[in-house]
Amino acid sequence: MRHGTPTPVDFWFDPTCPWAWLTSRWILEVARQRPLELRWHLMSLTVLNEGRAGLPERWHRDLAVRLEPVRVCAAAEREYGRQVLGRLYTELGTRFHLEKAPKERSTYAAALAAAGLDPRLAEAAGSDAYDGAVRASHHEGIGRVGTDVGTPVVAVGDVAFFGPVVTPAPRGEAATRLWDGVLAVAGTDGFFELKRTRVQGPVFT
C-alpha cells in the first residue's frame with residue numbers, strides 16, 4: 001500500500017541498456033507499493049565509454065547507434081519537459097528489449113507516437129544538437145557515484161548507487177524487500193561495493 005509523503009527518487013538511464021531496463025521495471029514495481037516520486041534522467045553508455053582504449057571497431061559502431069535513442073529522449077525532454085521521459089522510456093524499452101526492434105528511426109517514431117509525443121522528434125537521432133544536454137545529465141548522474149560504474153544510477157536524497165543489477169525484475173514483496181535492502185546497504189557510511197559474477201543474461205519475462 002502507498003502511504004505518506006512521496007520520496008523523490010532520481011533514476012539515470014540509457015534506454016538501450018537491458019540491465020537498466022530491468023532495474024527500471026523493478027523500481028516501478030516498488031513505486032506501486034511505496035510512495036515514490038520517480039524522476040527520470042538521461043545518461044549514455046556512449047559518453048561513458050568515450051576514450052576507452054582497446055574497444056573493437058564493432059563496439060564503436062554499436063555505441064554510435066546507442067546514442068541515437070538517447071538524443072531522441074533529450075529532444076522530447078526539451079520539447080515537453082522531463083515528465084515525459086518515463087513513458088517514453090517505457091515505449092522505447094518495450095520495443096528494444098521485449099520486441100527486439102532495431103535501433104532505427106522508425107522504431108523511435110513508433111515509440112514517440114505511443115507515448116503521445118510528436119514522432120517527428122525521431123529526426124533528433126541524427127543530430128548533435130542535444131548532445132550537450134545529454135552530457136550534462138550524464139555527468140550529473142555519474143558525479144553521484146563515480147566513473148567506474150554504468151547505467152542505471154539511482155539517487156535517493158544523498159544516497160546514490162549504481163544498479164542494482166538483477167534479473168528478472170523482482171515483483172510484489174520481493175521488490176520492496178530488495179528496495180529496503182539496497183537503501184540500507186547504500187546508506188551505510190563507508191560502504192562501496194557488493195558484487196558477484198553474473199551467471200545468466202537478462203530475463204525479461
# chains A, B, ... in the order shown; residues from 1 in each chain; ligands from 1
$ select_by_dssp --residues "stretch 10-101 of chain A" --states "strand (DSSP E)" --output "PyMOL selection string"
chain A and resi 10-13+36-42
$ closest_atom_pairs --of "stretch 103-138 of chain A" --to "stretch 51-74 of chain A" --cutoff "10 Å" --atoms "only C-alpha atoms" --output "Markdown table"
| residue | atom | partner | partner_atom | distance |
| --- | --- | --- | --- | --- |
| A:Lys103 | CA | A:Val65 | CA | 7.0 |
| A:Glu104 | CA | A:Glu68 | CA | 8.1 |
| A:Arg105 | CA | A:Glu68 | CA | 8.6 |
| A:Thr107 | CA | A:Pro69 | CA | 9.4 |
| A:Tyr108 | CA | A:Pro69 | CA | 6.8 |
| A:Ala109 | CA | A:Val72 | CA | 9.2 |
| A:Leu112 | CA | A:Val72 | CA | 8.8 |
| A:Pro119 | CA | A:Val72 | CA | 9.8 |
| A:Arg120 | CA | A:Val72 | CA | 9.7 |
| A:Leu121 | CA | A:Val72 | CA | 6.3 |
| A:Ala122 | CA | A:Val72 | CA | 5.7 |
| A:Glu123 | CA | A:Val72 | CA | 7.6 |
| A:Ala124 | CA | A:Val72 | CA | 5.3 |
| A:Ala125 | CA | A:Glu68 | CA | 4.2 |
| A:Gly126 | CA | A:Glu68 | CA | 6.7 |
| A:Ser127 | CA | A:Arg71 | CA | 7.7 |
| A:Asp128 | CA | A:Arg71 | CA | 7.8 |
| A:Ala129 | CA | A:Arg71 | CA | 8.5 |
| A:Tyr130 | CA | A:Arg71 | CA | 5.9 |
| A:Asp131 | CA | A:Arg71 | CA | 6.8 |
| A:Gly132 | CA | A:Ala74 | CA | 9.6 |
| A:Ala133 | CA | A:Ala74 | CA | 6.9 |
| A:Val134 | CA | A:Ala74 | CA | 6.5 |
| A:Ser137 | CA | A:Ala74 | CA | 9.5 |
$ write_last_selection --atoms "C-alpha atoms" --output "CSV table (one decimal), in the first residue's frame"
chain,number,residue,atom,x,y,z
A,103,LYS,CA,17.5,0.8,-33.2
A,104,GLU,CA,16.4,2.9,-36.1
A,105,ARG,CA,14.2,6.0,-36.7
A,107,THR,CA,11.3,2.4,-34.0
A,108,TYR,CA,11.9,5.7,-32.3
A,109,ALA,CA,9.0,7.3,-34.2
A,112,LEU,CA,7.2,8.6,-29.6
A,119,PRO,CA,7.0,11.2,-33.9
A,120,ARG,CA,9.0,13.8,-35.9
A,121,LEU,CA,11.3,14.1,-32.9
A,122,ALA,CA,12.8,10.8,-34.2
A,123,GLU,CA,14.9,13.0,-36.5
A,124,ALA,CA,16.9,14.1,-33.5
A,125,ALA,CA,18.6,10.7,-33.6
A,126,GLY,CA,21.0,12.0,-36.3
A,127,SER,CA,21.6,15.5,-34.8
A,128,ASP,CA,24.2,16.5,-32.3
A,129,ALA,CA,22.1,19.5,-31.2
A,130,TYR,CA,21.1,17.6,-28.0
A,131,ASP,CA,24.4,16.2,-27.1
A,132,GLY,CA,25.3,19.0,-24.7
A,133,ALA,CA,22.1,18.3,-22.7
A,134,VAL,CA,22.8,14.5,-22.8
A,137,SER,CA,22.6,15.0,-17.5
$ residues_around --residues "A:Arg177" --least-positions-apart "5" --cutoff "12 Å" --atoms "only C-alpha atoms" --output "list in words"
Trp26, Ile27, Glu29, Val30, Gln33, Arg34, Pro170, Arg171, Gly172, Val182, Leu183 and Ala184 of chain A
$ write_last_selection --atoms "N, CA, C and O atoms" --output "CSV table (one decimal), in the first residue's frame"
chain,number,residue,atom,x,y,z
A,26,TRP,N,11.8,-2.9,-12.0
A,26,TRP,CA,11.7,-3.2,-10.5
A,26,TRP,C,11.3,-2.0,-9.8
A,26,TRP,O,10.5,-2.0,-8.9
A,27,ILE,N,11.9,-0.8,-10.1
A,27,ILE,CA,11.6,0.4,-9.3
A,27,ILE,C,10.2,0.9,-9.5
A,27,ILE,O,9.6,1.4,-8.6
A,29,GLU,N,7.8,-1.2,-10.0
A,29,GLU,CA,7.0,-2.1,-9.1
A,29,GLU,C,7.1,-1.6,-7.7
A,29,GLU,O,6.1,-1.7,-7.0
A,30,VAL,N,8.2,-1.2,-7.2
A,30,VAL,CA,8.3,-0.6,-5.9
A,30,VAL,C,7.4,0.6,-5.7
A,30,VAL,O,6.7,0.7,-4.7
A,33,GLN,N,3.9,0.2,-4.7
A,33,GLN,CA,3.7,-0.3,-3.3
A,33,GLN,C,4.1,0.7,-2.3
A,33,GLN,O,3.7,0.7,-1.1
A,34,ARG,N,5.1,1.6,-2.7
A,34,ARG,CA,5.6,2.6,-1.8
A,34,ARG,C,5.4,4.0,-2.4
A,34,ARG,O,5.4,4.1,-3.6
A,170,PRO,N,12.3,-8.2,-9.8
A,170,PRO,CA,11.5,-8.7,-8.7
A,170,PRO,C,10.1,-8.0,-8.7
A,170,PRO,O,10.0,-6.9,-9.0
A,171,ARG,N,9.1,-8.8,-8.3
A,171,ARG,CA,7.8,-8.3,-8.2
A,171,ARG,C,7.2,-8.5,-6.7
A,171,ARG,O,7.8,-9.2,-5.9
A,172,GLY,N,6.2,-7.8,-6.5
A,172,GLY,CA,5.5,-7.9,-5.2
A,172,GLY,C,6.4,-7.7,-4.0
A,172,GLY,O,7.2,-6.7,-4.0
A,182,VAL,N,18.7,-2.5,-0.4
A,182,VAL,CA,19.6,-1.7,-1.2
A,182,VAL,C,19.8,-0.3,-0.5
A,182,VAL,O,20.9,0.2,-0.4
A,183,LEU,N,18.7,0.3,0.0
A,183,LEU,CA,18.8,1.5,0.7
A,183,LEU,C,19.6,1.4,2.0
A,183,LEU,O,20.4,2.3,2.3
A,184,ALA,N,19.4,0.3,2.7
A,184,ALA,CA,20.2,0.1,3.9
A,184,ALA,C,21.7,-0.1,3.6
A,184,ALA,O,22.5,0.5,4.3
$ closest_residue --among "A:His97, A:Leu38, A:Ala115, A:Thr147" --to "A:Glu50" --atoms "only C-alpha atoms"
A:Thr147
$ closest_residue --among "A:Pro152, A:Pro102, A:Gly141, A:Pro15" --to "A:Arg87" --atoms "only C-alpha atoms"
A:Pro15
$ closest_residue --among "A:Pro168, A:Gly181, A:Gly81, A:Pro18" --to "A:Leu98" --atoms "only C-alpha atoms"
A:Pro18
$ atom_distance --atom1 "atom CA of A:Phe192" --atom2 "atom CA of A:Arg25"
24.2 Å
$ closest_residue --among "A:Ile142, A:Ala186, A:Leu48, A:Ala76" --to "A:Asp158" --atoms "only C-alpha atoms"
A:Ala186
$ closest_residue --among "A:Val84, A:Val165, A:Ala174, A:Val159" --to "A:Asp189" --atoms "only C-alpha atoms"
A:Val159
$ closest_residue --among "A:Gly163, A:Ala110, A:Val9, A:Ala75" --to "A:Phe96" --atoms "only C-alpha atoms"
A:Ala110
$ select_by_dssp --residues "stretch 5-190 of chain A" --states "alpha helix (DSSP H)" --output "MDAnalysis selection string"
chainID A and resid 18:31 45:48 57:80 85:93 105:114 131:145 172:186
$ write_last_selection --atoms "C-alpha atoms" --output "PDB file, in the first residue's frame"
ATOM      1  CA  PRO A  18      18.847  -4.193 -20.880  1.00  0.00           C
ATOM      2  CA  TRP A  19      20.105  -4.208 -17.289  1.00  0.00           C
ATOM      3  CA  ALA A  20      18.947  -0.649 -16.685  1.00  0.00           C
ATOM      4  CA  TRP A  21      15.585  -1.635 -18.180  1.00  0.00           C
ATOM      5  CA  LEU A  22      15.188  -4.466 -15.657  1.00  0.00           C
ATOM      6  CA  THR A  23      16.136  -2.156 -12.790  1.00  0.00           C
ATOM      7  CA  SER A  24      13.606   0.406 -14.009  1.00  0.00           C
ATOM      8  CA  ARG A  25      10.829  -2.197 -14.096  1.00  0.00           C
ATOM      9  CA  TRP A  26      11.741  -3.196 -10.543  1.00  0.00           C
ATOM     10  CA  ILE A  27      11.644   0.384  -9.298  1.00  0.00           C
ATOM     11  CA  LEU A  28       8.272   0.925 -10.980  1.00  0.00           C
ATOM     12  CA  GLU A  29       7.032  -2.130  -9.105  1.00  0.00           C
ATOM     13  CA  VAL A  30       8.317  -0.622  -5.854  1.00  0.00           C
ATOM     14  CA  ALA A  31       6.536   2.641  -6.708  1.00  0.00           C
ATOM     15  CA  LEU A  45      26.780   4.394 -22.496  1.00  0.00           C
ATOM     16  CA  THR A  46      28.333   6.126 -25.496  1.00  0.00           C
ATOM     17  CA  VAL A  47      29.508   9.040 -23.368  1.00  0.00           C
ATOM     18  CA  LEU A  48      30.571   6.666 -20.583  1.00  0.00           C
ATOM     19  CA  GLU A  57      35.512  -1.429 -34.091  1.00  0.00           C
ATOM     20  CA  ARG A  58      32.122  -3.122 -33.790  1.00  0.00           C
ATOM     21  CA  TRP A  59      31.810  -1.670 -30.261  1.00  0.00           C
ATOM     22  CA  HIS A  60      32.445   1.818 -31.582  1.00  0.00           C
ATOM     23  CA  ARG A  61      29.727   1.300 -34.203  1.00  0.00           C
ATOM     24  CA  ASP A  62      27.342  -0.048 -31.576  1.00  0.00           C
ATOM     25  CA  LEU A  63      27.995   2.859 -29.228  1.00  0.00           C
ATOM     26  CA  ALA A  64      27.313   5.336 -32.026  1.00  0.00           C
ATOM     27  CA  VAL A  65      23.921   3.715 -32.649  1.00  0.00           C
ATOM     28  CA  ARG A  66      23.145   3.613 -28.922  1.00  0.00           C
ATOM     29  CA  LEU A  67      23.431   7.396 -28.779  1.00  0.00           C
ATOM     30  CA  GLU A  68      20.513   7.821 -31.192  1.00  0.00           C
ATOM     31  CA  PRO A  69      17.589   6.993 -28.856  1.00  0.00           C
ATOM     32  CA  VAL A  70      19.241   8.965 -26.059  1.00  0.00           C
ATOM     33  CA  ARG A  71      19.218  12.015 -28.348  1.00  0.00           C
ATOM     34  CA  VAL A  72      15.544  11.362 -29.125  1.00  0.00           C
ATOM     35  CA  CYS A  73      14.771  11.307 -25.397  1.00  0.00           C
ATOM     36  CA  ALA A  74      16.691  14.557 -24.942  1.00  0.00           C
ATOM     37  CA  ALA A  75      14.686  16.149 -27.752  1.00  0.00           C
ATOM     38  CA  ALA A  76      11.427  15.020 -26.145  1.00  0.00           C
ATOM     39  CA  GLU A  77      12.540  16.369 -22.777  1.00  0.00           C
ATOM     40  CA  ARG A  78      13.380  19.743 -24.295  1.00  0.00           C
ATOM     41  CA  GLU A  79      10.070  19.880 -26.181  1.00  0.00           C
ATOM     42  CA  TYR A  80       7.725  18.603 -23.475  1.00  0.00           C
ATOM     43  CA  LEU A  85      10.793  10.689 -20.072  1.00  0.00           C
ATOM     44  CA  GLY A  86       9.277   7.893 -18.009  1.00  0.00           C
ATOM     45  CA  ARG A  87       6.599   6.956 -20.509  1.00  0.00           C
ATOM     46  CA  LEU A  88       8.904   7.393 -23.497  1.00  0.00           C
ATOM     47  CA  TYR A  89      11.463   5.146 -21.801  1.00  0.00           C
ATOM     48  CA  THR A  90       8.771   2.502 -21.345  1.00  0.00           C
ATOM     49  CA  GLU A  91       7.820   2.655 -25.015  1.00  0.00           C
ATOM     50  CA  LEU A  92      11.423   2.548 -26.240  1.00  0.00           C
ATOM     51  CA  GLY A  93      12.421  -0.179 -23.810  1.00  0.00           C
ATOM     52  CA  ARG A 105      14.189   5.960 -36.733  1.00  0.00           C
ATOM     53  CA  SER A 106      11.000   4.036 -37.466  1.00  0.00           C
ATOM     54  CA  THR A 107      11.277   2.396 -34.029  1.00  0.00           C
ATOM     55  CA  TYR A 108      11.901   5.733 -32.333  1.00  0.00           C
ATOM     56  CA  ALA A 109       8.962   7.322 -34.160  1.00  0.00           C
ATOM     57  CA  ALA A 110       6.632   4.488 -33.130  1.00  0.00           C
ATOM     58  CA  ALA A 111       7.717   4.821 -29.505  1.00  0.00           C
ATOM     59  CA  LEU A 112       7.201   8.584 -29.570  1.00  0.00           C
ATOM     60  CA  ALA A 113       3.725   8.213 -31.049  1.00  0.00           C
ATOM     61  CA  ALA A 114       2.764   5.561 -28.484  1.00  0.00           C
ATOM     62  CA  ASP A 131      24.449  16.181 -27.109  1.00  0.00           C
ATOM     63  CA  GLY A 132      25.260  18.988 -24.683  1.00  0.00           C
ATOM     64  CA  ALA A 133      22.089  18.283 -22.710  1.00  0.00           C
ATOM     65  CA  VAL A 134      22.823  14.542 -22.772  1.00  0.00           C
ATOM     66  CA  ARG A 135      26.337  15.104 -21.455  1.00  0.00           C
ATOM     67  CA  ALA A 136      25.182  17.448 -18.716  1.00  0.00           C
ATOM     68  CA  SER A 137      22.583  14.963 -17.482  1.00  0.00           C
ATOM     69  CA  HIS A 138      25.026  12.065 -17.778  1.00  0.00           C
ATOM     70  CA  HIS A 139      27.730  13.802 -15.788  1.00  0.00           C
ATOM     71  CA  GLU A 140      25.257  14.838 -13.109  1.00  0.00           C
ATOM     72  CA  GLY A 141      24.365  11.181 -12.539  1.00  0.00           C
ATOM     73  CA  ILE A 142      27.905   9.828 -12.754  1.00  0.00           C
ATOM     74  CA  GLY A 143      29.038  12.590 -10.434  1.00  0.00           C
ATOM     75  CA  ARG A 144      26.934  10.996  -7.713  1.00  0.00           C
ATOM     76  CA  VAL A 145      28.666   7.626  -7.862  1.00  0.00           C
ATOM     77  CA  GLY A 172       5.483  -7.939  -5.192  1.00  0.00           C
ATOM     78  CA  GLU A 173       7.012  -8.294  -1.760  1.00  0.00           C
ATOM     79  CA  ALA A 174      10.350  -9.334  -3.275  1.00  0.00           C
ATOM     80  CA  ALA A 175      10.587  -5.916  -4.937  1.00  0.00           C
ATOM     81  CA  THR A 176      10.109  -3.936  -1.742  1.00  0.00           C
ATOM     82  CA  ARG A 177      12.384  -6.276   0.203  1.00  0.00           C
ATOM     83  CA  LEU A 178      15.182  -5.593  -2.286  1.00  0.00           C
ATOM     84  CA  TRP A 179      14.427  -1.851  -2.138  1.00  0.00           C
ATOM     85  CA  ASP A 180      14.758  -1.780   1.636  1.00  0.00           C
ATOM     86  CA  GLY A 181      17.960  -3.796   1.499  1.00  0.00           C
ATOM     87  CA  VAL A 182      19.574  -1.680  -1.210  1.00  0.00           C
ATOM     88  CA  LEU A 183      18.816   1.534   0.683  1.00  0.00           C
ATOM     89  CA  ALA A 184      20.197   0.062   3.906  1.00  0.00           C
ATOM     90  CA  VAL A 185      23.420  -1.046   2.240  1.00  0.00           C
ATOM     91  CA  ALA A 186      23.930   2.053   0.091  1.00  0.00           C
TER      92      ALA A 186
END
$ atom_distance --atom1 "atom CA of A:Glu37" --atom2 "atom CA of A:Pro6"
5.5 Å
$ atom_distance --atom1 "atom CA of A:Arg198" --atom2 "atom CA of A:Thr16"
19.2 Å
